[in-house]
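Here's the structure, in structure tokens; my notes come after.
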Amino acid sequence: MRGPGVRPRSLDARALAALAANPGCRRRALLDGAGIDKGALARALGSPAAYGQSQFAIVRGHAFEARVMSDGGTELLRLLHERLAPGTPPPEPGETATPDLSAAGPEGRTARTALALREATAAGGWALLTHPMLAVEVAGAPAYVEPDAVVVHPDGSWTVVEVKSFPMIDGSADAAKVGAAARQAAVYVLALEAVAGPAAAYTGREVAVRDRVLLVCPKDFSNLPTAAAVDVRKQLATTRRQLSRLTRVEDIAAALPEGTTFDLRLADDGKTATRPSGELTEAVEAVEAAYAPECLAACELAFHCRGRSRAEGAVEALGRGVRGELGALRTVGEVLAAAGPAESETGAAPDDPAVVALRRAAALRAEALGGAALPGPRAEDAECH
């Protein structure tokens, strides 16, 4: 489906969290499961994504993470012990294991991470795994995710560490950013749970993946690290439930017209798509989407889906809350008709609660306006746009 010779694009935890937040979108499930570059596809369709992290933020984030992980992660382990393991012996400098996780390819790195986790758990000491590779099943296909760090405690439990560059001022950070970090961390915890069972069988010890993760951020307006424990039980339950609801990629692909492909037919520069946009649009529209305004902050194809949704007059473009309130009314035209006279044709029965509420609202509006017509444009404003 990607095209001959096209390498699959790997999913990160942010994309998985966004996918889990909208499990009804078969389009995203298929494209992500098949490893298709949605950003390149959106550009070829003429609806490029207009969001992304600035280069300055990326550089600042890397510099802060390097500071947190420096000196064998001494400061990171101090913060973790202070927030998540008070009352227990602290990790001694130089005694924390930092295994090498390098290997060939994501499959090799995943296997090497699983081995390092088993060995560190069996050793019964502190261990810091920097940028381990984990696998999680998404719609029947494996996806590889990479947390910033995983810490193995002497008691055999594991903690996910998320390092973010947004500040923590007076002990608290932006709630929306913390929520996004918690959803990402929940994906990592879910992936670790798949490794915990074999590790427990191998070591003969009880292995538990902690549902409280360590969020490390800059303190106030400095570059000094501080941390907070974040409970991700709610996000973990939601992610597990939503990922289990995803239709398998094979089932979605089997329902497509024969020969459907998302191959961009890139030119020799490896960037310019030569396939006609009409063919790509037909292929994309063959897969059902579930657009909502929230997609604009999480999916590269959101602007394309929004344009199609608006062109069709779909009420989904107004938000999930509005869509839920309108019941059987699926388009803006049907909604306007339902708010009109009782004899108007609508997509729902006259006694439908949504229709009754709309007509009641229209009657109250007319009563409030007193039946007065709105003034038309003045002659001198005719040319004003």
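A note on labels: chains of the structure tokens are A, B, ... as shown, every chain counts residues from 1, and ligands are counted from 1 in their shown order.
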
List the spatial neighbours of range 199-209 of chain A as a ChimeraX atom specification - criterion: any atom at most 12 Å away, only C-alpha atoms, same-chain residues fewer than 2 positions off excluded. /A:113-124,150-161,185-186,188-197,211-213,232-233,236

Each range 76-184 of chain A residue no farther than 12 Å from range 27-32 of chain A, nearest pair in Å, only C-alpha atoms, as CSV:
residue,atom,partner,partner_atom,distance
A:Glu137,CA,A:Asp32,CA,11.9
A:Val138,CA,A:Ala29,CA,8.2
A:Ala139,CA,A:Ala29,CA,6.9
A:Gly140,CA,A:Ala29,CA,10.2
A:Ala141,CA,A:Asp32,CA,9.5
A:Pro142,CA,A:Asp32,CA,10.6
A:Ala143,CA,A:Asp32,CA,9.1
A:Tyr144,CA,A:Asp32,CA,11.8

Please save N, CA and C atoms of the selected residues as a compact mmCIF listing (two decimals), in the first residue's frame.
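Saved file out-v9.txt follows:
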# COMPACT_ATOMS: atom_id res chain seq x y z
N GLU A 137 1.07 -3.53 20.09
CA GLU A 137 0.26 -3.93 18.93
C GLU A 137 -0.84 -2.91 18.69
N VAL A 138 -0.92 -2.44 17.44
CA VAL A 138 -1.92 -1.45 17.04
C VAL A 138 -2.65 -1.98 15.82
N ALA A 139 -3.93 -2.26 15.97
CA ALA A 139 -4.77 -2.76 14.87
C ALA A 139 -4.15 -3.99 14.22
N GLY A 140 -3.54 -4.85 15.03
CA GLY A 140 -2.99 -6.08 14.51
C GLY A 140 -1.59 -5.97 13.96
N ALA A 141 -0.98 -4.77 13.99
CA ALA A 141 0.37 -4.57 13.48
C ALA A 141 1.25 -4.02 14.60
N PRO A 142 2.54 -4.39 14.64
CA PRO A 142 3.41 -3.89 15.70
C PRO A 142 3.80 -2.44 15.45
N ALA A 143 3.84 -1.65 16.52
CA ALA A 143 4.33 -0.27 16.47
C ALA A 143 5.43 -0.14 17.52
N TYR A 144 6.49 0.56 17.18
CA TYR A 144 7.65 0.67 18.06
C TYR A 144 7.69 2.07 18.67

Give me, as a list in words, all polymer residues having an atom no more than 9 Å from range 306-322 of chain A, counting only C-alpha atoms and skipping those fewer than 4 positions away in the same chain.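 In the requested format, the answer is Ser47, Ala290, Tyr291, Ala292, Pro293, Glu294, Cys295, Leu296, Leu301, Ala302, Leu326, Leu329, Arg330, Thr331, Val332, Gly333 and Val335 of chain A.
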
Could you check which of A:Phe303, A:Thr238, A:Ala337, A:Val287 is closest to Phe262 in chain A, using only C-alpha atoms?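 Of A:Phe303, A:Thr238, A:Ala337, A:Val287, the one nearest Phe262 in chain A is A:Val287, counting only C-alpha atoms.
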
Nearest to Leu266 in chain A among A:Ile58, A:Leu41, A:Ala97, A:Cys217, with distances taken over only C-alpha atoms: which residue is it?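 Checking each of A:Ile58, A:Leu41, A:Ala97, A:Cys217 against Leu266 in chain A, counting only C-alpha atoms, the winner is A:Leu41.
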
Identify which of the residues A:Asp268, A:Glu300, A:Glu258, A:Glu82 lies closest to Ala283 in chain A, counting only C-alpha atoms when measuring atom-to-atom distances.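 The closest residue to Ala283 in chain A is A:Glu258.
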
Got a sec: who's within 8 Å of range 59-74 of chain A, counting only C-alpha atoms, leaving out chain neighbours fewer than 5 positions off, as a VMD selection string? chain A and resid 93 to 94 96 98 128 163 to 165 218 223 225

Nearest to Arg26 in chain A among A:Thr247, A:Ser222, A:Gln235, A:Thr274, with distances taken over only C-alpha atoms: which residue is it?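 Answer, going by the shortest atom-to-atom distance: A:Thr247.
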
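With distances restricted to only C-alpha atoms, A:Leu45 is the closest residue to Pro276 in chain A from A:Ala127, A:Leu45, A:Leu246, A:Ala297.
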
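Distance check against Arg7 in chain A using only C-alpha atoms: of A:Cys305, A:Arg365, A:Ala254, A:Asp263, the minimum falls on A:Asp263.
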
Could you please write out, as a ChimeraX atom specification, every residue of range 80-178 of chain A that DSSP assigns to alpha helix (DSSP H)? /A:80-84,105-123,175-178

Pick out each residue of range 136-253 of chain A that DSSP on the backbone tags as strand (DSSP E or B); I need them as a PyMOL selection string. chain A and resi 136-138+141-145+149-152+157-163+168-169+172+208-209+212-219+225-231

Spatial neighbours of Leu16 in chain A, max dist 8 Å, only C-alpha atoms, sep filter under 5 positions, as a list in words: Leu11, Gln184 and Val187 of chain A
